[in-house]
Structures are given as structure tokens and as C-alpha cells.
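Source file: start.cif (mmCIF, N, CA and C atoms, pLDDT in the B column; chains and numbers go by the auth columns)
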data_coords
loop_
_atom_site.group_PDB
_atom_site.id
_atom_site.type_symbol
_atom_site.label_atom_id
_atom_site.label_comp_id
_atom_site.label_asym_id
_atom_site.label_seq_id
_atom_site.Cartn_x
_atom_site.Cartn_y
_atom_site.Cartn_z
_atom_site.B_iso_or_equiv
_atom_site.auth_seq_id
_atom_site.auth_asym_id
ATOM 1 N N MET A 1 37.367 9.253 41.536 64.00 456 R
ATOM 2 C CA MET A 1 37.001 8.322 40.482 64.00 456 R
ATOM 3 C C MET A 1 38.273 7.629 40.009 64.00 456 R
ATOM 4 N N SER A 2 38.217 6.319 39.872 80.00 457 R
ATOM 5 C CA SER A 2 39.394 5.578 39.424 80.00 457 R
ATOM 6 C C SER A 2 39.618 5.830 37.943 80.00 457 R
ATOM 7 N N GLU A 3 40.797 5.496 37.501 81.00 458 R
ATOM 8 C CA GLU A 3 41.158 5.704 36.096 81.00 458 R
ATOM 9 C C GLU A 3 40.256 4.886 35.164 81.00 458 R
ATOM 10 N N SER A 4 39.935 3.672 35.544 79.00 459 R
ATOM 11 C CA SER A 4 39.078 2.837 34.696 79.00 459 R
ATOM 12 C C SER A 4 37.654 3.391 34.636 79.00 459 R
ATOM 13 N N ASN A 5 37.169 3.900 35.771 85.00 460 R
ATOM 14 C CA ASN A 5 35.834 4.502 35.759 85.00 460 R
ATOM 15 C C ASN A 5 35.803 5.745 34.883 85.00 460 R
ATOM 16 N N LYS A 6 36.868 6.555 34.951 83.00 461 R
ATOM 17 C CA LYS A 6 36.938 7.758 34.124 83.00 461 R
ATOM 18 C C LYS A 6 36.967 7.387 32.646 83.00 461 R
ATOM 19 N N CYS A 7 37.734 6.369 32.334 85.00 462 R
ATOM 20 C CA CYS A 7 37.825 5.912 30.946 85.00 462 R
ATOM 21 C C CYS A 7 36.461 5.420 30.460 85.00 462 R
ATOM 22 N N CYS A 8 35.778 4.686 31.310 88.00 463 R
ATOM 23 C CA CYS A 8 34.454 4.158 30.962 88.00 463 R
ATOM 24 C C CYS A 8 33.472 5.312 30.782 88.00 463 R
ATOM 25 N N SER A 9 33.540 6.289 31.657 93.00 464 R
ATOM 26 C CA SER A 9 32.652 7.451 31.552 93.00 464 R
ATOM 27 C C SER A 9 32.926 8.233 30.269 93.00 464 R
ATOM 28 N N ASP A 10 34.187 8.402 29.938 93.00 465 R
ATOM 29 C CA ASP A 10 34.548 9.103 28.702 93.00 465 R
ATOM 30 C C ASP A 10 34.026 8.344 27.482 93.00 465 R
ATOM 31 N N LEU A 11 34.161 7.045 27.521 94.00 466 R
ATOM 32 C CA LEU A 11 33.697 6.214 26.421 94.00 466 R
ATOM 33 C C LEU A 11 32.170 6.299 26.291 94.00 466 R
ATOM 34 N N MET A 12 31.480 6.240 27.418 95.00 467 R
ATOM 35 C CA MET A 12 30.024 6.349 27.396 95.00 467 R
ATOM 36 C C MET A 12 29.591 7.713 26.857 95.00 467 R
ATOM 37 N N LEU A 13 30.289 8.762 27.254 95.00 468 R
ATOM 38 C CA LEU A 13 29.971 10.095 26.765 95.00 468 R
ATOM 39 C C LEU A 13 30.151 10.169 25.253 95.00 468 R
ATOM 40 N N GLU A 14 31.210 9.585 24.752 95.00 469 R
ATOM 41 C CA GLU A 14 31.451 9.571 23.302 95.00 469 R
ATOM 42 C C GLU A 14 30.366 8.775 22.578 95.00 469 R
ATOM 43 N N LEU A 15 29.968 7.655 23.142 96.00 470 R
ATOM 44 C CA LEU A 15 28.902 6.850 22.535 96.00 470 R
ATOM 45 C C LEU A 15 27.583 7.609 22.521 96.00 470 R
ATOM 46 N N ILE A 16 27.304 8.335 23.581 97.00 471 R
ATOM 47 C CA ILE A 16 26.074 9.124 23.643 97.00 471 R
ATOM 48 C C ILE A 16 26.103 10.211 22.576 97.00 471 R
ATOM 49 N N LYS A 17 27.245 10.873 22.403 97.00 472 R
ATOM 50 C CA LYS A 17 27.370 11.910 21.377 97.00 472 R
ATOM 51 C C LYS A 17 27.139 11.323 19.987 97.00 472 R
ATOM 52 N N GLN A 18 27.759 10.172 19.721 98.00 473 R
ATOM 53 C CA GLN A 18 27.586 9.524 18.418 98.00 473 R
ATOM 54 C C GLN A 18 26.138 9.101 18.206 98.00 473 R
ATOM 55 N N ASN A 19 25.516 8.596 19.254 98.00 474 R
ATOM 56 C CA ASN A 19 24.121 8.178 19.162 98.00 474 R
ATOM 57 C C ASN A 19 23.222 9.374 18.863 98.00 474 R
ATOM 58 N N ASN A 20 23.485 10.490 19.504 98.00 475 R
ATOM 59 C CA ASN A 20 22.710 11.701 19.240 98.00 475 R
ATOM 60 C C ASN A 20 22.876 12.153 17.794 98.00 475 R
ATOM 61 N N GLN A 21 24.084 12.039 17.255 98.00 476 R
ATOM 62 C CA GLN A 21 24.313 12.389 15.855 98.00 476 R
ATOM 63 C C GLN A 21 23.505 11.477 14.931 98.00 476 R
ATOM 64 N N LEU A 22 23.488 10.196 15.244 98.00 477 R
ATOM 65 C CA LEU A 22 22.713 9.253 14.445 98.00 477 R
ATOM 66 C C LEU A 22 21.216 9.549 14.524 98.00 477 R
ATOM 67 N N ILE A 23 20.758 9.922 15.693 98.00 478 R
ATOM 68 C CA ILE A 23 19.342 10.273 15.853 98.00 478 R
ATOM 69 C C ILE A 23 19.008 11.484 14.983 98.00 478 R
ATOM 70 N N GLN A 24 19.877 12.485 14.988 98.00 479 R
ATOM 71 C CA GLN A 24 19.646 13.678 14.166 98.00 479 R
ATOM 72 C C GLN A 24 19.654 13.332 12.682 98.00 479 R
ATOM 73 N N GLN A 25 20.587 12.470 12.272 98.00 480 R
ATOM 74 C CA GLN A 25 20.627 12.042 10.868 98.00 480 R
ATOM 75 C C GLN A 25 19.341 11.312 10.493 98.00 480 R
ATOM 76 N N ASN A 26 18.881 10.451 11.373 98.00 481 R
ATOM 77 C CA ASN A 26 17.640 9.715 11.116 98.00 481 R
ATOM 78 C C ASN A 26 16.458 10.659 11.018 98.00 481 R
ATOM 79 N N GLN A 27 16.415 11.668 11.868 97.00 482 R
ATOM 80 C CA GLN A 27 15.323 12.640 11.808 97.00 482 R
ATOM 81 C C GLN A 27 15.333 13.378 10.474 97.00 482 R
ATOM 82 N N ARG A 28 16.518 13.748 9.990 97.00 483 R
ATOM 83 C CA ARG A 28 16.605 14.423 8.691 97.00 483 R
ATOM 84 C C ARG A 28 16.145 13.490 7.571 97.00 483 R
ATOM 85 N N LEU A 29 16.549 12.229 7.634 97.00 484 R
ATOM 86 C CA LEU A 29 16.124 11.266 6.619 97.00 484 R
ATOM 87 C C LEU A 29 14.612 11.059 6.644 97.00 484 R
ATOM 88 N N ILE A 30 14.048 11.002 7.831 97.00 485 R
ATOM 89 C CA ILE A 30 12.592 10.845 7.958 97.00 485 R
ATOM 90 C C ILE A 30 11.881 12.048 7.353 97.00 485 R
ATOM 91 N N GLU A 31 12.385 13.241 7.638 97.00 486 R
ATOM 92 C CA GLU A 31 11.768 14.455 7.080 97.00 486 R
ATOM 93 C C GLU A 31 11.862 14.455 5.562 97.00 486 R
ATOM 94 N N GLN A 32 13.010 14.050 5.022 97.00 487 R
ATOM 95 C CA GLN A 32 13.166 13.982 3.568 97.00 487 R
ATOM 96 C C GLN A 32 12.199 12.965 2.976 97.00 487 R
ATOM 97 N N HIS A 33 12.075 11.831 3.640 97.00 488 R
ATOM 98 C CA HIS A 33 11.183 10.775 3.169 97.00 488 R
ATOM 99 C C HIS A 33 9.730 11.257 3.176 97.00 488 R
ATOM 100 N N GLU A 34 9.362 11.955 4.257 97.00 489 R
ATOM 101 C CA GLU A 34 7.998 12.472 4.345 97.00 489 R
ATOM 102 C C GLU A 34 7.743 13.495 3.248 97.00 489 R
ATOM 103 N N ALA A 35 8.749 14.316 2.954 96.00 490 R
ATOM 104 C CA ALA A 35 8.597 15.314 1.890 96.00 490 R
ATOM 105 C C ALA A 35 8.409 14.621 0.542 96.00 490 R
ATOM 106 N N LYS A 36 9.170 13.563 0.305 96.00 491 R
ATOM 107 C CA LYS A 36 9.020 12.810 -0.943 96.00 491 R
ATOM 108 C C LYS A 36 7.643 12.164 -1.015 96.00 491 R
ATOM 109 N N ASP A 37 7.178 11.620 0.101 96.00 492 R
ATOM 110 C CA ASP A 37 5.846 11.016 0.130 96.00 492 R
ATOM 111 C C ASP A 37 4.781 12.053 -0.212 96.00 492 R
ATOM 112 N N GLU A 38 4.937 13.266 0.302 96.00 493 R
ATOM 113 C CA GLU A 38 3.972 14.331 0.026 96.00 493 R
ATOM 114 C C GLU A 38 3.981 14.685 -1.451 96.00 493 R
ATOM 115 N N ILE A 39 5.157 14.743 -2.048 96.00 494 R
ATOM 116 C CA ILE A 39 5.270 15.047 -3.477 96.00 494 R
ATOM 117 C C ILE A 39 4.600 13.944 -4.301 96.00 494 R
ATOM 118 N N ILE A 40 4.846 12.701 -3.929 97.00 495 R
ATOM 119 C CA ILE A 40 4.240 11.568 -4.644 97.00 495 R
ATOM 120 C C ILE A 40 2.721 11.620 -4.512 97.00 495 R
ATOM 121 N N LEU A 41 2.241 11.904 -3.310 96.00 496 R
ATOM 122 C CA LEU A 41 0.796 11.983 -3.091 96.00 496 R
ATOM 123 C C LEU A 41 0.172 13.086 -3.946 96.00 496 R
ATOM 124 N N GLN A 42 0.802 14.247 -3.977 97.00 497 R
ATOM 125 C CA GLN A 42 0.281 15.348 -4.795 97.00 497 R
ATOM 126 C C GLN A 42 0.274 14.974 -6.268 97.00 497 R
ATOM 127 N N SER A 43 1.315 14.301 -6.706 97.00 498 R
ATOM 128 C CA SER A 43 1.402 13.880 -8.104 97.00 498 R
ATOM 129 C C SER A 43 0.284 12.900 -8.443 97.00 498 R
ATOM 130 N N LEU A 44 0.030 11.954 -7.570 97.00 499 R
ATOM 131 C CA LEU A 44 -1.045 10.990 -7.798 97.00 499 R
ATOM 132 C C LEU A 44 -2.405 11.673 -7.821 97.00 499 R
ATOM 133 N N GLN A 45 -2.596 12.642 -6.945 97.00 500 R
ATOM 134 C CA GLN A 45 -3.862 13.374 -6.934 97.00 500 R
ATOM 135 C C GLN A 45 -4.044 14.151 -8.234 97.00 500 R
ATOM 136 N N GLN A 46 -2.973 14.779 -8.713 97.00 501 R
ATOM 137 C CA GLN A 46 -3.056 15.507 -9.977 97.00 501 R
ATOM 138 C C GLN A 46 -3.348 14.556 -11.127 97.00 501 R
ATOM 139 N N ASN A 47 -2.711 13.384 -11.118 97.00 502 R
ATOM 140 C CA ASN A 47 -2.980 12.392 -12.154 97.00 502 R
ATOM 141 C C ASN A 47 -4.443 11.967 -12.136 97.00 502 R
ATOM 142 N N ASN A 48 -4.978 11.740 -10.951 97.00 503 R
ATOM 143 C CA ASN A 48 -6.384 11.358 -10.835 97.00 503 R
ATOM 144 C C ASN A 48 -7.297 12.445 -11.380 97.00 503 R
ATOM 145 N N GLU A 49 -6.974 13.702 -11.082 96.00 504 R
ATOM 146 C CA GLU A 49 -7.790 14.811 -11.582 96.00 504 R
ATOM 147 C C GLU A 49 -7.732 14.880 -13.111 96.00 504 R
ATOM 148 N N LEU A 50 -6.542 14.684 -13.667 96.00 505 R
ATOM 149 C CA LEU A 50 -6.404 14.709 -15.124 96.00 505 R
ATOM 150 C C LEU A 50 -7.170 13.560 -15.774 96.00 505 R
ATOM 151 N N ILE A 51 -7.092 12.387 -15.183 95.00 506 R
ATOM 152 C CA ILE A 51 -7.830 11.228 -15.709 95.00 506 R
ATOM 153 C C ILE A 51 -9.332 11.499 -15.649 95.00 506 R
ATOM 154 N N ALA A 52 -9.798 12.076 -14.550 95.00 507 R
ATOM 155 C CA ALA A 52 -11.218 12.394 -14.413 95.00 507 R
ATOM 156 C C ALA A 52 -11.630 13.398 -15.482 95.00 507 R
ATOM 157 N N GLN A 53 -10.797 14.395 -15.744 94.00 508 R
ATOM 158 C CA GLN A 53 -11.103 15.380 -16.789 94.00 508 R
ATOM 159 C C GLN A 53 -11.162 14.720 -18.161 94.00 508 R
ATOM 160 N N MET A 54 -10.256 13.791 -18.412 93.00 509 R
ATOM 161 C CA MET A 54 -10.254 13.089 -19.703 93.00 509 R
ATOM 162 C C MET A 54 -11.553 12.313 -19.884 93.00 509 R
ATOM 163 N N TYR A 55 -12.000 11.619 -18.831 91.00 510 R
ATOM 164 C CA TYR A 55 -13.245 10.860 -18.923 91.00 510 R
ATOM 165 C C TYR A 55 -14.435 11.787 -19.105 91.00 510 R
ATOM 166 N N GLU A 56 -14.408 12.927 -18.436 91.00 511 R
ATOM 167 C CA GLU A 56 -15.505 13.886 -18.604 91.00 511 R
ATOM 168 C C GLU A 56 -15.565 14.384 -20.043 91.00 511 R
ATOM 169 N N GLN A 57 -14.412 14.642 -20.628 90.00 512 R
ATOM 170 C CA GLN A 57 -14.376 15.119 -22.010 90.00 512 R
ATOM 171 C C GLN A 57 -14.864 14.043 -22.973 90.00 512 R
ATOM 172 N N GLU A 58 -14.534 12.786 -22.693 84.00 513 R
ATOM 173 C CA GLU A 58 -14.994 11.695 -23.553 84.00 513 R
ATOM 174 C C GLU A 58 -16.506 11.520 -23.451 84.00 513 R
ATOM 175 N N ASP A 59 -17.053 11.797 -22.271 81.00 514 R
ATOM 176 C CA ASP A 59 -18.496 11.638 -22.071 81.00 514 R
ATOM 177 C C ASP A 59 -19.296 12.754 -22.719 81.00 514 R
ATOM 178 N N GLU A 60 -18.688 13.918 -22.942 75.00 515 R
ATOM 179 C CA GLU A 60 -19.411 15.048 -23.531 75.00 515 R
ATOM 180 C C GLU A 60 -19.640 14.782 -25.021 75.00 515 R
ATOM 181 N N PRO A 61 -20.843 15.011 -25.485 67.00 516 R
ATOM 182 C CA PRO A 61 -21.093 14.804 -26.919 67.00 516 R
ATOM 183 C C PRO A 61 -20.373 15.865 -27.742 67.00 516 R
ATOM 184 N N GLU A 62 -19.850 15.439 -28.862 63.00 517 R
ATOM 185 C CA GLU A 62 -19.170 16.380 -29.746 63.00 517 R
ATOM 186 C C GLU A 62 -20.209 17.100 -30.585 63.00 517 R
ATOM 187 N N GLY A 63 -20.011 18.388 -30.827 59.00 518 R
ATOM 188 C CA GLY A 63 -20.967 19.185 -31.576 59.00 518 R
ATOM 189 C C GLY A 63 -21.170 18.679 -32.985 59.00 518 R
ATOM 190 N N SER A 64 -20.142 18.165 -33.627 52.00 519 R
ATOM 191 C CA SER A 64 -20.241 17.735 -35.024 52.00 519 R
ATOM 192 C C SER A 64 -21.192 16.557 -35.194 52.00 519 R
ATOM 193 N N GLN A 65 -21.349 15.725 -34.167 56.00 520 R
ATOM 194 C CA GLN A 65 -22.259 14.588 -34.264 56.00 520 R
ATOM 195 C C GLN A 65 -23.681 15.062 -34.486 56.00 520 R
ATOM 196 N N TYR A 66 -24.055 16.130 -33.869 54.00 521 R
ATOM 197 C CA TYR A 66 -25.418 16.618 -33.969 54.00 521 R
ATOM 198 C C TYR A 66 -25.619 17.470 -35.217 54.00 521 R
ATOM 199 N N LEU A 67 -24.550 18.132 -35.654 55.00 522 R
ATOM 200 C CA LEU A 67 -24.666 18.969 -36.849 55.00 522 R
ATOM 201 C C LEU A 67 -24.756 18.111 -38.113 55.00 522 R
ATOM 202 N N ASP A 68 -24.026 16.997 -38.132 53.00 523 R
ATOM 203 C CA ASP A 68 -24.015 16.146 -39.314 53.00 523 R
ATOM 204 C C ASP A 68 -25.318 15.347 -39.452 53.00 523 R
ATOM 205 N N GLY A 69 -25.965 15.076 -38.319 50.00 524 R
ATOM 206 C CA GLY A 69 -27.055 14.166 -38.218 50.00 524 R
ATOM 207 C C GLY A 69 -28.236 14.394 -38.987 50.00 524 R
#
Encoded form (C-alpha cells):
Amino acid sequence: MSESNKCCSDLMLELIKQNNQLIQQNQRLIEQHEAKDEIILQSLQQNNELIAQMYEQEDEPEGSQYLDG
């Protein structure tokens, strides 16, 4: 192998290593993002449940209305 080919091969190997590192970093970021999305989704679901409970409580007649009547 000529010196220039060896240099090119070494450079390509280094680029591949750096690219693999970037891929791993991206995978970690994607996992973090997905975890945040899951937390947000759970929070929204809990909010919806609380809102539904509030509406149910508003729809229930209060006992005092019937006692005073």
C-alpha cells in the first residue's frame, strides 16, 4: 500500500469512528426525547382525568340544594 493510500485509509477510519460516535450521541438524544414525550403524554392524560373529575363533580347535585328546598 502506498503512503498516500495508507494516509487516506487512516483518515477514513478516523471519520468512521467519529461518525459512529455521532450516531451513538444521536441515539441517546432520541431516547431522551422519547422519554420526555412519554412524560408529557402522561401529564396530559392526568390533566384530562382531573378535568373530567371536576366536570363530574360539577354535574352532581349538591345535598344542600335539596335540603333547603
Record the distance separating atom N of Gln512 in chain R and atom C of Leu499 in chain R, expressed in Å with one decimal.
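Between atom N of Gln512 in chain R and atom C of Leu499 in chain R the gap is 17.8 Å.
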Give the centre and edge lengths of an axis-aligned box, in Å to one decimal, that holds all listed atoms of range 474-488 of chain R with 4 Å on each side, as JSON.
{"center_x": 17.6, "center_y": 11.3, "center_z": 11.2, "size_x": 23.8, "size_y": 14.3, "size_z": 24.5}
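When atom N of Gln500 in chain R is paired with CA of His488 in chain R, their separation reads 17.2 Å.
We find atom C of Asn460 in chain R and atom N of Leu477 in chain R to be spaced 23.6 Å apart.
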Starting from the structure just given, write a file holding range 477-520 of chain R with N, CA and C atoms, as a CSV table (one decimal), in the first residue's frame.
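Wrote selection-v1.csv, looks like this:
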chain,number,residue,atom,x,y,z
R,477,LEU,N,-21.1,10.0,16.7
R,477,LEU,CA,-22.2,10.9,16.5
R,477,LEU,C,-23.5,10.1,16.4
R,478,ILE,N,-23.5,8.9,15.8
R,478,ILE,CA,-24.7,8.1,15.8
R,478,ILE,C,-25.1,7.7,17.2
R,479,GLN,N,-24.1,7.3,18.0
R,479,GLN,CA,-24.4,7.0,19.4
R,479,GLN,C,-25.0,8.2,20.2
R,480,GLN,N,-24.4,9.3,20.0
R,480,GLN,CA,-24.9,10.5,20.6
R,480,GLN,C,-26.4,10.8,20.2
R,481,ASN,N,-26.6,10.7,18.9
R,481,ASN,CA,-28.0,10.9,18.4
R,481,ASN,C,-29.0,9.9,19.0
R,482,GLN,N,-28.5,8.6,19.1
R,482,GLN,CA,-29.4,7.6,19.7
R,482,GLN,C,-29.8,8.0,21.1
R,483,ARG,N,-28.8,8.5,21.9
R,483,ARG,CA,-29.0,8.9,23.3
R,483,ARG,C,-30.0,10.1,23.3
R,484,LEU,N,-29.8,11.0,22.4
R,484,LEU,CA,-30.7,12.2,22.4
R,484,LEU,C,-32.1,11.7,22.0
R,485,ILE,N,-32.2,10.8,21.1
R,485,ILE,CA,-33.6,10.3,20.7
R,485,ILE,C,-34.2,9.6,21.8
R,486,GLU,N,-33.5,8.8,22.6
R,486,GLU,CA,-34.1,8.1,23.7
R,486,GLU,C,-34.5,9.1,24.8
R,487,GLN,N,-33.7,10.2,25.0
R,487,GLN,CA,-34.1,11.2,26.0
R,487,GLN,C,-35.3,11.9,25.5
R,488,HIS,N,-35.4,12.2,24.2
R,488,HIS,CA,-36.6,12.9,23.7
R,488,HIS,C,-37.8,12.1,23.8
R,489,GLU,N,-37.7,10.8,23.5
R,489,GLU,CA,-38.8,9.9,23.7
R,489,GLU,C,-39.3,9.8,25.1
R,490,ALA,N,-38.3,9.8,26.0
R,490,ALA,CA,-38.7,9.7,27.5
R,490,ALA,C,-39.4,11.0,27.9
R,491,LYS,N,-39.0,12.1,27.4
R,491,LYS,CA,-39.7,13.4,27.6
R,491,LYS,C,-41.1,13.4,27.0
R,492,ASP,N,-41.2,12.9,25.8
R,492,ASP,CA,-42.5,12.8,25.2
R,492,ASP,C,-43.5,11.9,26.0
R,493,GLU,N,-42.9,10.8,26.6
R,493,GLU,CA,-43.8,9.9,27.4
R,493,GLU,C,-44.2,10.6,28.7
R,494,ILE,N,-43.3,11.4,29.3
R,494,ILE,CA,-43.7,12.2,30.5
R,494,ILE,C,-44.8,13.2,30.1
R,495,ILE,N,-44.6,13.9,29.0
R,495,ILE,CA,-45.6,14.9,28.6
R,495,ILE,C,-46.9,14.2,28.4
R,496,LEU,N,-46.9,13.1,27.7
R,496,LEU,CA,-48.2,12.4,27.4
R,496,LEU,C,-48.9,11.9,28.7
R,497,GLN,N,-48.1,11.4,29.6
R,497,GLN,CA,-48.7,11.0,30.9
R,497,GLN,C,-49.3,12.2,31.6
R,498,SER,N,-48.6,13.3,31.6
R,498,SER,CA,-49.1,14.5,32.3
R,498,SER,C,-50.4,15.0,31.6
R,499,LEU,N,-50.4,15.0,30.3
R,499,LEU,CA,-51.7,15.4,29.6
R,499,LEU,C,-52.8,14.5,30.0
R,500,GLN,N,-52.5,13.2,30.0
R,500,GLN,CA,-53.6,12.2,30.4
R,500,GLN,C,-54.1,12.5,31.8
R,501,GLN,N,-53.2,12.7,32.7
R,501,GLN,CA,-53.6,13.0,34.1
R,501,GLN,C,-54.4,14.3,34.2
R,502,ASN,N,-54.0,15.3,33.4
R,502,ASN,CA,-54.8,16.5,33.4
R,502,ASN,C,-56.2,16.3,32.8
R,503,ASN,N,-56.3,15.5,31.8
R,503,ASN,CA,-57.6,15.2,31.2
R,503,ASN,C,-58.5,14.5,32.3
R,504,GLU,N,-57.9,13.5,33.0
R,504,GLU,CA,-58.6,12.8,34.0
R,504,GLU,C,-59.1,13.8,35.1
R,505,LEU,N,-58.2,14.7,35.5
R,505,LEU,CA,-58.6,15.6,36.6
R,505,LEU,C,-59.7,16.6,36.1
R,506,ILE,N,-59.6,17.0,34.9
R,506,ILE,CA,-60.7,17.9,34.3
R,506,ILE,C,-62.0,17.1,34.2
R,507,ALA,N,-62.0,15.8,33.8
R,507,ALA,CA,-63.2,15.0,33.8
R,507,ALA,C,-63.8,14.9,35.2
R,508,GLN,N,-62.9,14.7,36.2
R,508,GLN,CA,-63.4,14.6,37.5
R,508,GLN,C,-64.1,15.9,38.0
R,509,MET,N,-63.5,17.0,37.6
R,509,MET,CA,-64.0,18.3,38.0
R,509,MET,C,-65.4,18.5,37.4
R,510,TYR,N,-65.6,18.1,36.1
R,510,TYR,CA,-66.9,18.2,35.5
R,510,TYR,C,-67.9,17.3,36.1
R,511,GLU,N,-67.4,16.1,36.5
R,511,GLU,CA,-68.4,15.1,37.1
R,511,GLU,C,-68.8,15.7,38.4
R,512,GLN,N,-67.9,16.3,39.2
R,512,GLN,CA,-68.3,16.9,40.5
R,512,GLN,C,-69.3,18.1,40.3
R,513,GLU,N,-69.1,18.9,39.2
R,513,GLU,CA,-70.0,20.0,39.0
R,513,GLU,C,-71.4,19.5,38.6
R,514,ASP,N,-71.4,18.3,37.9
R,514,ASP,CA,-72.7,17.8,37.4
R,514,ASP,C,-73.5,17.2,38.6
R,515,GLU,N,-72.8,16.8,39.7
R,515,GLU,CA,-73.5,16.1,40.8
R,515,GLU,C,-74.3,17.2,41.6
R,516,PRO,N,-75.5,16.9,41.9
R,516,PRO,CA,-76.3,17.8,42.7
R,516,PRO,C,-75.8,17.9,44.1
R,517,GLU,N,-75.7,19.1,44.6
R,517,GLU,CA,-75.3,19.3,46.0
R,517,GLU,C,-76.4,18.9,46.9
R,518,GLY,N,-76.1,18.3,48.1
R,518,GLY,CA,-77.1,17.9,49.0
R,518,GLY,C,-77.9,19.1,49.6
R,519,SER,N,-77.2,20.2,49.8
R,519,SER,CA,-77.9,21.3,50.4
R,519,SER,C,-79.0,21.9,49.6
R,520,GLN,N,-78.9,21.8,48.2
R,520,GLN,CA,-80.0,22.3,47.4
R,520,GLN,C,-81.3,21.6,47.7
